[in-house]
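Asks: The structure file work04.pdb (PDB, C-alpha atoms) is provided below.
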ATOM      1  CA  MET H   1       0.000   0.000   0.000
ATOM      2  CA  MET H   2       1.521   3.314  -1.086
ATOM      3  CA  MET H   3       1.013   6.346   1.166
ATOM      4  CA  SER H   4       0.764   9.872  -0.114
ATOM      5  CA  PRO H   5       3.583  12.298   0.771
ATOM      6  CA  ARG H   6       1.157  14.159   3.007
ATOM      7  CA  ALA H   7       0.347  11.001   4.956
ATOM      8  CA  THR H   8       3.972  10.324   5.728
ATOM      9  CA  GLN H   9       4.485  13.853   7.066
ATOM     10  CA  PHE H  10       2.465  13.103  10.164
ATOM     11  CA  THR H  11       4.383   9.951  11.008
ATOM     12  CA  GLN H  12       7.831  11.262  10.236
ATOM     13  CA  VAL H  13       9.753  11.622  13.429
ATOM     14  CA  SER H  14      12.985  13.447  13.954
ATOM     15  CA  LEU H  15      15.980  11.289  14.583
ATOM     16  CA  ARG H  16      17.419  11.644  18.049
ATOM     17  CA  ASN H  17      20.886  10.745  16.895
ATOM     18  CA  GLY H  18      21.596  14.130  15.320
ATOM     19  CA  ASN H  19      23.022  14.083  11.822
ATOM     20  CA  ARG H  20      23.724  10.363  11.623
ATOM     21  CA  ALA H  21      21.646   8.285   9.242
ATOM     22  CA  GLU H  22      18.787   6.187  10.527
ATOM     23  CA  PRO H  23      19.868   2.580  11.143
ATOM     24  CA  VAL H  24      18.845   0.298   8.288
ATOM     25  CA  GLU H  25      16.766  -2.024  10.468
ATOM     26  CA  ILE H  26      14.703   0.917  11.808
ATOM     27  CA  TRP H  27      14.216   2.304   8.305
ATOM     28  CA  ARG H  28      13.098  -1.132   7.104
ATOM     29  CA  ALA H  29      10.793  -1.525  10.111
ATOM     30  CA  ARG H  30       9.161   1.846   9.388
ATOM     31  CA  GLN H  31       8.750   0.891   5.722
ATOM     32  CA  PHE H  32       7.163  -2.412   6.738
ATOM     33  CA  ILE H  33       4.786  -0.588   9.101
ATOM     34  CA  HIS H  34       3.697   1.815   6.359
ATOM     35  CA  GLU H  35       3.193  -0.979   3.847
ATOM     36  CA  HIS H  36       1.267  -3.232   6.263
ATOM     37  CA  SER H  37      -0.395  -0.788   8.655
ATOM     38  CA  ASP H  38      -3.870  -1.950   7.638
ATOM     39  CA  GLU H  39      -3.008  -5.456   8.879
ATOM     40  CA  GLY H  40      -2.609  -6.771  12.377
ATOM     41  CA  LEU H  41       0.887  -5.627  13.316
ATOM     42  CA  SER H  42       2.857  -6.783  16.294
ATOM     43  CA  LEU H  43       6.347  -6.044  17.477
ATOM     44  CA  THR H  44       7.247  -9.691  16.812
ATOM     45  CA  LYS H  45       5.919  -9.622  13.243
ATOM     46  CA  VAL H  46       7.801  -6.428  12.363
ATOM     47  CA  ALA H  47      10.977  -7.648  14.081
ATOM     48  CA  LYS H  48      10.865 -10.889  12.075
ATOM     49  CA  SER H  49      10.508  -8.897   8.864
ATOM     50  CA  VAL H  50      13.735  -6.998   9.593
ATOM     51  CA  HIS H  51      15.557  -9.994  11.129
ATOM     52  CA  ILE H  52      16.158  -8.672  14.656
ATOM     53  CA  SER H  53      14.753  -9.569  18.050
ATOM     54  CA  PRO H  54      11.553  -7.860  19.231
ATOM     55  CA  ASN H  55      13.315  -6.448  22.306
ATOM     56  CA  HIS H  56      16.126  -4.995  20.244
ATOM     57  CA  LEU H  57      13.650  -3.473  17.771
ATOM     58  CA  SER H  58      11.627  -1.931  20.574
ATOM     59  CA  ASP H  59      14.645  -0.401  22.277
ATOM     60  CA  LYS H  60      16.299   0.779  19.062
ATOM     61  CA  PHE H  61      13.026   2.148  17.637
ATOM     62  CA  LYS H  62      12.440   4.307  20.711
ATOM     63  CA  GLU H  63      16.084   5.395  20.861
ATOM     64  CA  VAL H  64      16.220   6.447  17.201
ATOM     65  CA  THR H  65      12.752   7.914  16.673
ATOM     66  CA  GLY H  66      11.886   9.150  20.148
ATOM     67  CA  ILE H  67       8.490   7.450  19.954
ATOM     68  CA  ASN H  68       7.576   3.938  20.977
ATOM     69  CA  PHE H  69       6.580   1.273  18.488
ATOM     70  CA  VAL H  70       2.860   1.155  19.364
ATOM     71  CA  ASP H  71       2.474   4.947  19.215
ATOM     72  CA  TYR H  72       4.179   5.027  15.828
ATOM     73  CA  ILE H  73       1.721   2.496  14.425
ATOM     74  CA  ALA H  74      -1.199   4.466  15.886
ATOM     75  CA  ARG H  75       0.065   7.698  14.303
ATOM     76  CA  THR H  76       0.491   5.988  10.956
ATOM     77  CA  ARG H  77      -3.044   4.616  11.039
ATOM     78  CA  VAL H  78      -4.595   7.882  12.205
ATOM     79  CA  GLU H  79      -2.910   9.799   9.406
ATOM     80  CA  GLN H  80      -4.219   7.300   6.871
ATOM     81  CA  ALA H  81      -7.682   7.674   8.394
ATOM     82  CA  ARG H  82      -7.435  11.473   8.147
ATOM     83  CA  GLU H  83      -6.688  11.141   4.430
ATOM     84  CA  HIS H  84      -9.733   8.888   3.971
ATOM     85  CA  LEU H  85     -11.931  11.285   5.958
ATOM     86  CA  ARG H  86     -10.810  14.205   3.779
ATOM     87  CA  ASN H  87     -11.159  12.426   0.461
ATOM     88  CA  SER H  88     -14.155  10.128   0.758
ATOM     89  CA  ASN H  89     -17.637   9.788   2.145
ATOM     90  CA  VAL H  90     -17.037   6.284   3.467
ATOM     91  CA  ARG H  91     -18.481   5.647   6.905
ATOM     92  CA  ILE H  92     -16.124   6.327   9.786
ATOM     93  CA  SER H  93     -16.449   2.779  11.090
ATOM     94  CA  GLU H  94     -15.396   1.388   7.702
ATOM     95  CA  ILE H  95     -12.377   3.707   7.640
ATOM     96  CA  ALA H  96     -11.394   2.653  11.162
ATOM     97  CA  PHE H  97     -11.283  -1.019  10.241
ATOM     98  CA  ALA H  98      -9.727  -0.374   6.806
ATOM     99  CA  VAL H  99      -6.687   1.364   8.329
ATOM    100  CA  GLY H 100      -6.105  -1.414  10.853
ATOM    101  CA  PHE H 101      -7.923  -0.559  14.084
ATOM    102  CA  GLN H 102      -9.536  -3.500  15.827
ATOM    103  CA  SER H 103     -12.522  -1.608  17.236
ATOM    104  CA  LEU H 104     -14.379   1.626  16.607
ATOM    105  CA  SER H 105     -14.006   2.749  20.226
ATOM    106  CA  GLN H 106     -10.220   2.244  20.062
ATOM    107  CA  PHE H 107     -10.120   4.213  16.808
ATOM    108  CA  ASN H 108     -12.165   7.098  18.236
ATOM    109  CA  ARG H 109     -10.069   7.245  21.403
ATOM    110  CA  VAL H 110      -6.702   7.188  19.603
ATOM    111  CA  PHE H 111      -7.850   9.570  16.872
ATOM    112  CA  LYS H 112      -9.037  12.152  19.385
ATOM    113  CA  LYS H 113      -5.888  11.768  21.502
ATOM    114  CA  LEU H 114      -3.628  12.444  18.517
ATOM    115  CA  THR H 115      -5.643  15.084  16.653
ATOM    116  CA  ARG H 116      -7.682  16.683  19.450
ATOM    117  CA  GLN H 117     -10.792  16.172  17.316
ATOM    118  CA  SER H 118     -13.176  13.300  16.849
ATOM    119  CA  PRO H 119     -13.165  11.702  13.398
ATOM    120  CA  SER H 120     -16.518  13.291  12.551
ATOM    121  CA  GLN H 121     -15.301  16.725  13.700
ATOM    122  CA  SER H 122     -12.198  16.292  11.564
ATOM    123  CA  ARG H 123     -14.309  15.406   8.516
ATOM    124  CA  MET H 124     -16.650  18.354   9.075
ATOM    125  CA  THR H 125     -13.778  20.805   9.620
ATOM    126  CA  HIS H 126     -12.157  19.729   6.384
ATOM    127  CA  LYS H 127     -15.415  19.840   4.416
ATOM    128  CA  ARG H 128     -16.196  23.299   5.805
ATOM    129  CA  CYS H 129     -12.741  24.591   4.869
ATOM    130  CA  THR H 130     -12.969  23.063   1.415
ATOM    131  CA  THR H 131     -16.440  24.488   0.833
ATOM    132  CA  ILE H 132     -15.438  27.941   1.963
ATOM    133  CA  THR H 133     -12.199  28.097   0.019
ATOM    134  CA  ASP H 134     -13.622  26.651  -3.218
ATOM    135  CA  ASP H 135     -15.500  29.836  -4.095
ATOM    136  CA  PRO H 136     -14.116  33.254  -3.077
ATOM    137  CA  LYS H 137     -17.626  34.792  -3.312
ATOM    138  CA  LYS H 138     -18.865  32.412  -0.622
ATOM    139  CA  ILE H 139     -16.117  33.551   1.719
ATOM    140  CA  ARG H 140     -17.275  37.158   1.500
ATOM    141  CA  THR H 141     -20.934  36.185   1.737
ATOM    142  CA  ARG H 142     -20.465  33.993   4.816
ATOM    143  CA  PHE H 143     -18.195  36.544   6.429
ATOM    144  CA  SER H 144     -20.704  39.365   5.753
ATOM    145  CA  VAL H 145     -23.607  37.369   7.156
ATOM    146  CA  LYS H 146     -21.592  36.457  10.232
ATOM    147  CA  MET H 147     -20.590  40.078  10.836
ATOM    148  CA  ARG H 148     -24.166  41.342  10.315
ATOM    149  CA  SER H 149     -25.525  38.799  12.793
ATOM    150  CA  ARG H 150     -22.977  39.932  15.388
ATOM    151  CA  ALA H 151     -23.920  43.579  14.832
ATOM    152  CA  ILE H 152     -27.618  42.824  15.390
ATOM    153  CA  ARG H 153     -26.998  41.279  18.802
TER     154      ARG H 153
END
Go ahead and express the file in the form of structure tokens.
Replies:
Amino acid sequence: MMMSPRATQFTQVSLRNGNRAEPVEIWRARQFIHEHSDEGLSLTKVAKSVHISPNHLSDKFKEVTGINFVDYIARTRVEQAREHLRNSNVRISEIAFAVGFQSLSQFNRVFKKLTRQSPSQSRMTHKRCTTITDDPKKIRTRFSVKMRSRAIR
């Protein structure tokens, strides 16, 4: 599964090791996570894919990225969900399961923790922004109506 450049922005983390390159096994682990994030991922599964022990992957992942393995997967999935919310009218529950969450309540909780909005609020915010910015005349009209209503009060 190929992610858009925008989707990877959210999950990119700064390397804690300064100017040194990211270790190959961590780079490969992150690639594997992005390619398989819609599947059931475990530390063991990812570690096997990059041929290192789960404990070593966990420690090295946190050391290099500054974020733990589970949080990285959650961020990856939430960013994919945000893209789906922006670009489709698919039900939120379908998006949650499509990006790899095991339950809708887990998805809602993690999404709100990371974005400070519920999935439906995120969708509405984006749709409102898109609607407003699509037509410059609408911006003036909505702004004028809003200002008039404030003046009346």
Asks: Convert the output of the PyMOL selection byres ((chain H and resi 56) around 12) on the shown file into explicit residues, formatted as a PDB file with C-alpha atoms, in the frame of the given file.
Replies:
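Final file, result.pdb:
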ATOM      1  CA  GLU H  25      16.766  -2.024  10.468  1.00  0.00           C
ATOM      2  CA  ILE H  26      14.703   0.917  11.808  1.00  0.00           C
ATOM      3  CA  ALA H  29      10.793  -1.525  10.111  1.00  0.00           C
ATOM      4  CA  LEU H  43       6.347  -6.044  17.477  1.00  0.00           C
ATOM      5  CA  THR H  44       7.247  -9.691  16.812  1.00  0.00           C
ATOM      6  CA  VAL H  46       7.801  -6.428  12.363  1.00  0.00           C
ATOM      7  CA  ALA H  47      10.977  -7.648  14.081  1.00  0.00           C
ATOM      8  CA  LYS H  48      10.865 -10.889  12.075  1.00  0.00           C
ATOM      9  CA  VAL H  50      13.735  -6.998   9.593  1.00  0.00           C
ATOM     10  CA  HIS H  51      15.557  -9.994  11.129  1.00  0.00           C
ATOM     11  CA  ILE H  52      16.158  -8.672  14.656  1.00  0.00           C
ATOM     12  CA  SER H  53      14.753  -9.569  18.050  1.00  0.00           C
ATOM     13  CA  PRO H  54      11.553  -7.860  19.231  1.00  0.00           C
ATOM     14  CA  ASN H  55      13.315  -6.448  22.306  1.00  0.00           C
ATOM     15  CA  LEU H  57      13.650  -3.473  17.771  1.00  0.00           C
ATOM     16  CA  SER H  58      11.627  -1.931  20.574  1.00  0.00           C
ATOM     17  CA  ASP H  59      14.645  -0.401  22.277  1.00  0.00           C
ATOM     18  CA  LYS H  60      16.299   0.779  19.062  1.00  0.00           C
ATOM     19  CA  PHE H  61      13.026   2.148  17.637  1.00  0.00           C
ATOM     20  CA  LYS H  62      12.440   4.307  20.711  1.00  0.00           C
ATOM     21  CA  GLU H  63      16.084   5.395  20.861  1.00  0.00           C
ATOM     22  CA  VAL H  64      16.220   6.447  17.201  1.00  0.00           C
ATOM     23  CA  PHE H  69       6.580   1.273  18.488  1.00  0.00           C
TER      24      PHE H  69
END
Asks: H:Glu79, H:Gln102, H:Ile73, H:Gly66: which is nearest Ser42 of chain H, counting all atoms listed in the file?
Replies: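 Among H:Glu79, H:Gln102, H:Ile73, H:Gly66, it is H:Ile73 that comes nearest to Ser42 of chain H.
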Asks: Just give me the residues with any atom within 8 Å of (-11.6, 13.5, 7.7), file coordinates, counting all atoms listed in the file, written as a PyMOL selection string.
Replies: chain H and resi 81-87+119-126
Asks: Save the residues we just selected, C-alpha atoms, as a compact mmCIF listing (two decimals), in the coordinates of the input?
Replies:
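result-v4.txt written:
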# COMPACT_ATOMS: atom_id res chain seq x y z
CA ALA H 81 -7.68 7.67 8.39
CA ARG H 82 -7.44 11.47 8.15
CA GLU H 83 -6.69 11.14 4.43
CA HIS H 84 -9.73 8.89 3.97
CA LEU H 85 -11.93 11.28 5.96
CA ARG H 86 -10.81 14.20 3.78
CA ASN H 87 -11.16 12.43 0.46
CA PRO H 119 -13.16 11.70 13.40
CA SER H 120 -16.52 13.29 12.55
CA GLN H 121 -15.30 16.73 13.70
CA SER H 122 -12.20 16.29 11.56
CA ARG H 123 -14.31 15.41 8.52
CA MET H 124 -16.65 18.35 9.07
CA THR H 125 -13.78 20.80 9.62
CA HIS H 126 -12.16 19.73 6.38
Asks: Which one is closest to Arg75 of chain H: H:Arg28, H:Arg91, H:Lys45, H:His34? Count only C-alpha atoms.
Replies: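 Selected residue with least distance to Arg75 of chain H: H:His34.
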Asks: Determine, counting all atoms listed in the file, every residue of protein, DNA or RNA that lies within 12 Å of (0.9, 5.0, 23.5) in the file coordinates, then give the result as a list of chain:residue names.
Replies: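 Neighbouring residues, ordered by chain and number, come to H:Lys62, H:Ile67, H:Asn68, H:Phe69, H:Val70, H:Asp71, H:Tyr72, H:Ile73, H:Ala74, H:Arg75, H:Gln106, H:Arg109, H:Val110, H:Phe111, H:Lys113, H:Leu114.
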Asks: Quote the spacing between atom CA of Gln80 of chain H and atom CA of Trp27 of chain H in Å to one decimal place.
Replies: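 Going from atom CA of Gln80 of chain H over to atom CA of Trp27 of chain H, I get 19.2 Å.
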Asks: From the options H:Ile92, H:Val24, H:Val78, H:Leu41, which residue's atoms come nearest to Leu104 of chain H, counting only C-alpha atoms?
Replies: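 Going through H:Ile92, H:Val24, H:Val78, H:Leu41 one by one, the smallest distance to Leu104 of chain H is for H:Ile92.
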Asks: Kindly give the distance, in Å, that separates atom CA of Glu94 of chain H and atom CA of Arg77 of chain H, rounded to a single decimal.
Replies: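 One can read the atom CA of Glu94 of chain H to atom CA of Arg77 of chain H distance as 13.2 Å.
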Asks: With distances taken over only C-alpha atoms, which residue among H:Ser88, H:Gln31, H:Ser93, H:Thr76 lies nearest Ser105 of chain H?
Replies: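 Closest candidate: H:Ser93.
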Asks: Please provide the set of residues having any atom within 10 Å of Glu39 of chain H, restricted to only C-alpha atoms, with same-chain residues fewer than 4 positions apart removed, written as a list in words.
Replies: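 The residues satisfying every condition are Ile33, Glu35, Phe97, Ala98, Val99, Gly100, Phe101 and Gln102 of chain H.
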Asks: What is the atom CA of Glu22 of chain H-atom CA of Thr65 of chain H distance in Å, reported with one decimal?
Replies: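 Separation between atom CA of Glu22 of chain H and atom CA of Thr65 of chain H: 8.8 Å.
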